[in-house]
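Participant: Dropping the structure in here first, questions after.
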Amino acid sequence: NARIVVLISGSGSNLQTILDHANDGKIDGDVVGVISNRSEAFGLERAAESGVPTKVLDHTMFSSRDDYDESLAGLIDSFEPDVIVLAGFMRILTPEFVRRFSGKMINIHPSLLPKYTGLHTHRRAIEAGDDVHGCSVHFVTEELDGGPVILQAKVPIFEDDTEQLLQDRILEQEHRIFPLTVQWLASGRVKLVDGTAEMDGERLPQDGYA
Ligand code: GAR
């Protein structure tokens, strides 16, 4: 079974679905640790509830991003993980950190990448007048929100939509596609090969809406 470490900053609803899928045997892996950069993240309680060890590494206690990321990398390594999952971990990562975990680290982002990297994706999609929005799971590479996509899901944007309604609609899809991709990585079906995401040896489409 793969050893999975999940990094969070907040509610941890995605962490919860991963814990549930692992506990139900739907992921060939165990969540062996949860790390948060914020001590008040509700996801820490979710992890504790499932008996998973938690660590807080508070970024405000560090004077530089390099120092923080070096400590974070050491903490991650202490769990000897095969898979590292960024589940609402709201930090920009240094290239050195990202390289260290290349091919092992995935992120979920609330947009149809490559559209809307960064923050406030739901508001930006509404303001742009888009009629679809969505979420993407991708390998983490040095380019912010720019790594190869593994799986995406899309949802409609309605005329009278609000940021909150859209966020909820997308979270539902996040909870569907994230545990699935964690399983694909944990079981070795999905790999990062020469900078390309492959599944069962085939290059994955970069607009692979589920
Ligand atoms: C999710 O919507 C995730 O896509 C987003 O944060 C939320 C975390 O929710 N991630 C990013 O914006 C990364 N840049 P959760 O804590 O309930 O899983």
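Starting from 1 in every chain, residues are counted up; chains themselves are A, B, ... following the order of the structure tokens, and ligands are numbered from 1 as listed.
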Set the cut-off to 10 Å, count only C-alpha atoms and all ligand atoms, and list whatever residues fall near ligand 1 as a PyMOL selection string.
Facilitator: chain A and resi 7-18+41-43+86-92+107-111+117-122+134-137+144-145+167-168+170-175+178
Participant: Please tabulate, as CSV, the residues of range 62-86 of chain A that come within 8 Å of range 181-205 of chain A, each with its closest pair of atoms and the distance in Å to one decimal, counting only C-alpha atoms and ordering rows by chain, then residue number upward.
Facilitator:
```
residue,atom,partner,partner_atom,distance
A:Asp82,CA,A:Ala186,CA,7.4
A:Val83,CA,A:Ala186,CA,6.5
A:Val85,CA,A:Val182,CA,7.7
```
Participant: May I have the residues from that selection written out with C-alpha atoms, as a tab-separated table (two decimals), in the first residue's frame?
Facilitator:
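Below is the file part39.tsv, written as the result:
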```
chain	number	residue	atom	x	y	z
A	82	ASP	CA	5.10	7.58	-2.00
A	83	VAL	CA	2.43	10.14	-2.81
A	85	VAL	CA	-1.30	15.40	-2.11
```
Participant: Could you jot down the CA of Leu44 in chain A to CA of Val56 in chain A separation for me, Å, one decimal place?
Facilitator: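 For CA of Leu44 in chain A relative to CA of Val56 in chain A, the distance reads 8.7 Å.
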Participant: Please extract the residues of range 13-202 of chain A with a backbone DSSP assignment of helix (DSSP H, G or I) and present them as a compact mmCIF listing (two decimals) with N, CA, C and O atoms, in the first residue's frame.
Facilitator:
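The result, written out as states-v3.txt:
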```
# COMPACT_ATOMS: atom_id res chain seq x y z
N SER A 13 -12.06 19.53 3.14
CA SER A 13 -13.13 18.67 2.62
C SER A 13 -12.57 17.67 1.60
O SER A 13 -13.03 16.53 1.53
N ASN A 14 -11.57 18.09 0.84
CA ASN A 14 -10.92 17.15 -0.08
C ASN A 14 -10.13 16.09 0.68
O ASN A 14 -10.16 14.91 0.31
N LEU A 15 -9.45 16.50 1.73
CA LEU A 15 -8.77 15.54 2.60
C LEU A 15 -9.78 14.49 3.09
O LEU A 15 -9.49 13.29 3.09
N GLN A 16 -10.98 14.95 3.48
CA GLN A 16 -11.99 14.03 4.01
C GLN A 16 -12.36 12.96 2.98
O GLN A 16 -12.45 11.77 3.33
N THR A 17 -12.54 13.36 1.74
CA THR A 17 -12.92 12.34 0.73
C THR A 17 -11.77 11.36 0.51
O THR A 17 -12.02 10.18 0.27
N ILE A 18 -10.54 11.84 0.60
CA ILE A 18 -9.40 10.94 0.43
C ILE A 18 -9.32 9.97 1.61
O ILE A 18 -9.11 8.77 1.43
N LEU A 19 -9.52 10.48 2.82
CA LEU A 19 -9.54 9.61 4.00
C LEU A 19 -10.64 8.56 3.86
O LEU A 19 -10.42 7.37 4.12
N ASP A 20 -11.82 9.00 3.43
CA ASP A 20 -12.96 8.07 3.29
C ASP A 20 -12.66 6.99 2.26
O ASP A 20 -12.92 5.81 2.50
N HIS A 21 -12.12 7.40 1.12
CA HIS A 21 -11.82 6.42 0.07
C HIS A 21 -10.73 5.45 0.51
O HIS A 21 -10.79 4.25 0.20
N ALA A 22 -9.72 5.95 1.23
CA ALA A 22 -8.66 5.06 1.72
C ALA A 22 -9.23 4.09 2.76
O ALA A 22 -8.95 2.88 2.71
N ASN A 23 -10.07 4.61 3.65
CA ASN A 23 -10.66 3.76 4.69
C ASN A 23 -11.58 2.70 4.09
O ASN A 23 -11.70 1.60 4.63
N GLY A 43 -9.26 20.88 8.81
CA GLY A 43 -8.81 19.58 8.31
C GLY A 43 -7.97 18.80 9.32
O GLY A 43 -7.94 17.57 9.28
N LEU A 44 -7.30 19.50 10.22
CA LEU A 44 -6.51 18.81 11.25
C LEU A 44 -7.42 17.96 12.15
O LEU A 44 -7.04 16.86 12.56
N GLU A 45 -8.62 18.49 12.42
CA GLU A 45 -9.58 17.72 13.23
C GLU A 45 -10.09 16.51 12.47
O GLU A 45 -10.31 15.44 13.04
N ARG A 46 -10.28 16.69 11.17
CA ARG A 46 -10.73 15.55 10.35
C ARG A 46 -9.69 14.43 10.39
O ARG A 46 -10.03 13.26 10.51
N ALA A 47 -8.41 14.81 10.29
CA ALA A 47 -7.34 13.81 10.31
C ALA A 47 -7.31 13.10 11.66
O ALA A 47 -7.25 11.86 11.72
N ALA A 48 -7.36 13.89 12.73
CA ALA A 48 -7.32 13.31 14.08
C ALA A 48 -8.48 12.35 14.28
O ALA A 48 -8.31 11.26 14.86
N GLU A 49 -9.64 12.72 13.77
CA GLU A 49 -10.85 11.88 13.86
C GLU A 49 -10.61 10.51 13.21
O GLU A 49 -11.15 9.50 13.65
N HIS A 59 4.03 28.91 8.65
CA HIS A 59 4.95 29.66 7.77
C HIS A 59 5.32 31.03 8.36
O HIS A 59 6.34 31.58 8.01
N THR A 60 4.49 31.55 9.29
CA THR A 60 4.80 32.88 9.85
C THR A 60 6.00 32.83 10.79
O THR A 60 6.54 33.86 11.18
N MET A 61 6.43 31.61 11.14
CA MET A 61 7.59 31.47 12.02
C MET A 61 8.90 31.42 11.25
O MET A 61 9.97 31.25 11.84
N ARG A 65 10.92 32.01 2.34
CA ARG A 65 10.23 30.89 1.69
C ARG A 65 11.16 29.69 1.56
O ARG A 65 10.74 28.54 1.75
N ASP A 66 12.43 29.96 1.27
CA ASP A 66 13.39 28.86 1.15
C ASP A 66 13.51 28.08 2.45
O ASP A 66 13.52 26.85 2.45
N ASP A 67 13.60 28.81 3.58
CA ASP A 67 13.73 28.14 4.88
C ASP A 67 12.48 27.31 5.18
O ASP A 67 12.56 26.19 5.67
N TYR A 68 11.33 27.91 4.90
CA TYR A 68 10.08 27.19 5.17
C TYR A 68 10.02 25.91 4.35
O TYR A 68 9.75 24.82 4.87
N ASP A 69 10.28 26.04 3.07
CA ASP A 69 10.14 24.88 2.18
C ASP A 69 11.15 23.79 2.53
O ASP A 69 10.86 22.60 2.37
N GLU A 70 12.33 24.19 3.00
CA GLU A 70 13.31 23.19 3.39
C GLU A 70 12.83 22.40 4.61
O GLU A 70 12.93 21.17 4.67
N SER A 71 12.26 23.12 5.58
CA SER A 71 11.71 22.44 6.77
C SER A 71 10.53 21.56 6.39
O SER A 71 10.38 20.44 6.89
N LEU A 72 9.69 22.09 5.50
CA LEU A 72 8.52 21.32 5.07
C LEU A 72 8.95 20.03 4.37
O LEU A 72 8.39 18.96 4.62
N ALA A 73 9.97 20.15 3.52
CA ALA A 73 10.46 18.96 2.80
C ALA A 73 10.96 17.91 3.78
O ALA A 73 10.67 16.71 3.63
N GLY A 74 11.68 18.36 4.81
CA GLY A 74 12.18 17.43 5.83
C GLY A 74 11.05 16.74 6.56
O GLY A 74 11.08 15.53 6.83
N LEU A 75 10.01 17.52 6.87
CA LEU A 75 8.86 16.97 7.58
C LEU A 75 8.13 15.94 6.71
O LEU A 75 7.76 14.86 7.18
N ILE A 76 7.97 16.28 5.44
CA ILE A 76 7.32 15.33 4.51
C ILE A 76 8.15 14.05 4.45
O ILE A 76 7.62 12.94 4.57
N ASP A 77 9.47 14.19 4.27
CA ASP A 77 10.34 13.01 4.17
C ASP A 77 10.25 12.12 5.40
O ASP A 77 10.40 10.90 5.30
N SER A 78 10.01 12.73 6.57
CA SER A 78 9.95 11.93 7.80
C SER A 78 8.80 10.91 7.76
O SER A 78 8.82 9.93 8.48
N PRO A 95 11.05 26.21 -6.46
CA PRO A 95 11.43 25.22 -7.48
C PRO A 95 12.19 24.03 -6.88
O PRO A 95 11.96 22.89 -7.28
N GLU A 96 13.06 24.31 -5.93
CA GLU A 96 13.84 23.24 -5.31
C GLU A 96 12.93 22.22 -4.62
O GLU A 96 13.11 21.00 -4.75
N PHE A 97 11.94 22.74 -3.90
CA PHE A 97 10.98 21.87 -3.20
C PHE A 97 10.23 21.01 -4.20
O PHE A 97 10.09 19.80 -4.03
N VAL A 98 9.75 21.67 -5.25
CA VAL A 98 8.94 20.97 -6.25
C VAL A 98 9.76 19.87 -6.94
O VAL A 98 9.28 18.75 -7.14
N ARG A 99 11.01 20.19 -7.27
CA ARG A 99 11.88 19.20 -7.94
C ARG A 99 12.10 17.98 -7.07
O ARG A 99 12.13 16.85 -7.57
N ARG A 100 12.23 18.21 -5.77
CA ARG A 100 12.50 17.11 -4.84
C ARG A 100 11.41 16.04 -4.86
O ARG A 100 11.67 14.87 -4.67
N THR A 121 -10.60 32.12 -8.49
CA THR A 121 -10.92 31.57 -9.81
C THR A 121 -12.41 31.65 -10.11
O THR A 121 -12.80 31.91 -11.24
N HIS A 122 -13.25 31.44 -9.08
CA HIS A 122 -14.71 31.41 -9.33
C HIS A 122 -15.21 32.80 -9.70
O HIS A 122 -15.95 32.97 -10.66
N ARG A 123 -14.75 33.79 -8.93
CA ARG A 123 -15.14 35.17 -9.21
C ARG A 123 -14.69 35.59 -10.61
O ARG A 123 -15.44 36.20 -11.37
N ARG A 124 -13.46 35.23 -10.95
CA ARG A 124 -12.91 35.63 -12.25
C ARG A 124 -13.68 34.98 -13.40
O ARG A 124 -13.93 35.64 -14.43
N ALA A 125 -14.08 33.73 -13.22
CA ALA A 125 -14.83 33.04 -14.28
C ALA A 125 -16.21 33.68 -14.47
O ALA A 125 -16.67 33.87 -15.60
N ILE A 126 -16.87 34.05 -13.35
CA ILE A 126 -18.18 34.71 -13.44
C ILE A 126 -18.03 36.08 -14.10
O ILE A 126 -18.78 36.42 -15.02
N GLU A 127 -17.05 36.83 -13.64
CA GLU A 127 -16.86 38.19 -14.17
C GLU A 127 -16.51 38.19 -15.66
O GLU A 127 -16.86 39.13 -16.39
N GLU A 163 -20.54 33.46 -6.47
CA GLU A 163 -19.25 32.83 -6.22
C GLU A 163 -19.42 31.60 -5.32
O GLU A 163 -18.84 30.55 -5.57
N GLN A 164 -20.25 31.74 -4.28
CA GLN A 164 -20.45 30.65 -3.32
C GLN A 164 -21.13 29.44 -3.96
O GLN A 164 -20.70 28.30 -3.76
N LEU A 165 -22.19 29.70 -4.73
CA LEU A 165 -22.89 28.59 -5.39
C LEU A 165 -21.96 27.85 -6.34
O LEU A 165 -21.95 26.62 -6.40
N LEU A 166 -21.18 28.62 -7.07
CA LEU A 166 -20.26 28.03 -8.04
C LEU A 166 -19.17 27.22 -7.32
O LEU A 166 -18.84 26.11 -7.74
N GLN A 167 -18.68 27.78 -6.24
CA GLN A 167 -17.66 27.07 -5.45
C GLN A 167 -18.18 25.73 -4.94
O GLN A 167 -17.50 24.71 -5.02
N ASP A 168 -19.43 25.74 -4.44
CA ASP A 168 -20.03 24.50 -3.93
C ASP A 168 -20.21 23.48 -5.06
O ASP A 168 -19.96 22.28 -4.87
N ARG A 169 -20.63 23.97 -6.22
CA ARG A 169 -20.85 23.09 -7.37
C ARG A 169 -19.54 22.45 -7.80
O ARG A 169 -19.49 21.28 -8.19
N ILE A 170 -18.47 23.22 -7.71
CA ILE A 170 -17.16 22.69 -8.12
C ILE A 170 -16.58 21.76 -7.06
O ILE A 170 -15.99 20.73 -7.39
N LEU A 171 -16.77 22.11 -5.80
CA LEU A 171 -16.25 21.23 -4.72
C LEU A 171 -16.80 19.82 -4.86
O LEU A 171 -16.09 18.83 -4.66
N GLU A 172 -18.08 19.74 -5.24
CA GLU A 172 -18.70 18.43 -5.44
C GLU A 172 -17.92 17.62 -6.48
O GLU A 172 -17.71 16.41 -6.32
N GLN A 173 -17.49 18.29 -7.53
CA GLN A 173 -16.70 17.63 -8.57
C GLN A 173 -15.28 17.33 -8.10
O GLN A 173 -14.71 16.29 -8.44
N GLU A 174 -14.72 18.23 -7.30
CA GLU A 174 -13.39 17.98 -6.74
C GLU A 174 -13.40 16.68 -5.94
O GLU A 174 -12.49 15.85 -6.04
N HIS A 175 -14.48 16.51 -5.17
CA HIS A 175 -14.58 15.32 -4.31
C HIS A 175 -14.76 14.04 -5.12
O HIS A 175 -14.54 12.95 -4.62
N ARG A 176 -15.16 14.19 -6.36
CA ARG A 176 -15.31 13.04 -7.26
C ARG A 176 -13.97 12.72 -7.93
O ARG A 176 -13.55 11.55 -7.96
N ILE A 177 -13.29 13.74 -8.45
CA ILE A 177 -12.09 13.43 -9.27
C ILE A 177 -10.80 13.27 -8.45
O ILE A 177 -9.89 12.57 -8.86
N PHE A 178 -10.75 13.91 -7.27
CA PHE A 178 -9.47 13.89 -6.53
C PHE A 178 -9.13 12.49 -5.99
O PHE A 178 -8.03 11.98 -6.24
N PRO A 179 -10.08 11.83 -5.29
CA PRO A 179 -9.74 10.48 -4.80
C PRO A 179 -9.41 9.51 -5.93
O PRO A 179 -8.55 8.64 -5.77
N LEU A 180 -10.07 9.70 -7.06
CA LEU A 180 -9.81 8.85 -8.22
C LEU A 180 -8.36 9.00 -8.69
O LEU A 180 -7.65 8.01 -8.93
N THR A 181 -7.90 10.24 -8.80
CA THR A 181 -6.53 10.44 -9.28
C THR A 181 -5.51 10.02 -8.23
O THR A 181 -4.43 9.53 -8.58
N VAL A 182 -5.86 10.19 -6.96
CA VAL A 182 -4.95 9.71 -5.90
C VAL A 182 -4.78 8.19 -6.04
O VAL A 182 -3.66 7.67 -5.97
N GLN A 183 -5.88 7.50 -6.30
CA GLN A 183 -5.80 6.05 -6.51
C GLN A 183 -4.94 5.72 -7.73
O GLN A 183 -4.12 4.80 -7.69
N TRP A 184 -5.09 6.47 -8.80
CA TRP A 184 -4.30 6.20 -10.02
C TRP A 184 -2.81 6.37 -9.75
O TRP A 184 -1.99 5.59 -10.24
N LEU A 185 -2.45 7.39 -8.96
CA LEU A 185 -1.04 7.61 -8.65
C LEU A 185 -0.55 6.56 -7.65
O LEU A 185 0.54 5.99 -7.80
N ALA A 186 -1.37 6.28 -6.64
CA ALA A 186 -0.99 5.32 -5.60
C ALA A 186 -0.78 3.92 -6.19
O ALA A 186 0.11 3.19 -5.77
```
Participant: In Å, how far is it from CA of Glu159 in chain A to CA of Tyr116 in chain A?
Facilitator: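 These two atoms are separated by 19.8 Å.
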Participant: Find, counting only C-alpha atoms, the residue in A:Thr54, A:Thr141, A:Thr94, A:Gln152 that gets nearest to Val6 in chain A.
Facilitator: A:Thr54
Participant: For Phe101 in chain A, which residue out of A:Pro156, A:Gly29, A:Pro81, A:Pro114 is the nearest one, using only C-alpha atoms?
Facilitator: A:Pro81
Participant: When you look at Val32 in chain A with a cut-off of 8 Å (counting only C-alpha atoms), what residues show up, excluding the ones that are within fewer than 4 positions of it in the same chain? I need them as a list of chain:residue names.
Facilitator: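 My list of contacting residues is A:Arg3, A:Ile4, A:Val5, A:Val52, A:Pro53, A:Phe79, A:Pro81.
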Participant: Selection from above, C-alpha atoms, as a CSV table (one decimal), in the first residue's frame, can you write it?
Facilitator:
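Ended up saving to selection02.csv:
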```
chain,number,residue,atom,x,y,z
A,3,ARG,CA,2.1,5.9,1.9
A,4,ILE,CA,0.2,9.1,1.3
A,5,VAL,CA,0.9,12.5,2.9
A,52,VAL,CA,-4.0,10.1,11.3
A,53,PRO,CA,-1.0,11.9,12.8
A,79,PHE,CA,6.7,10.2,6.8
A,81,PRO,CA,5.6,9.0,1.5
```
Participant: Using only C-alpha atoms, find the one residue out of A:Asn1, A:Thr162, A:Asn37, A:Gln206 that sits nearest to Phe62 in chain A.
Facilitator: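 Looking only at the distances to Phe62 in chain A, the closest residue turns out to be A:Asn37.
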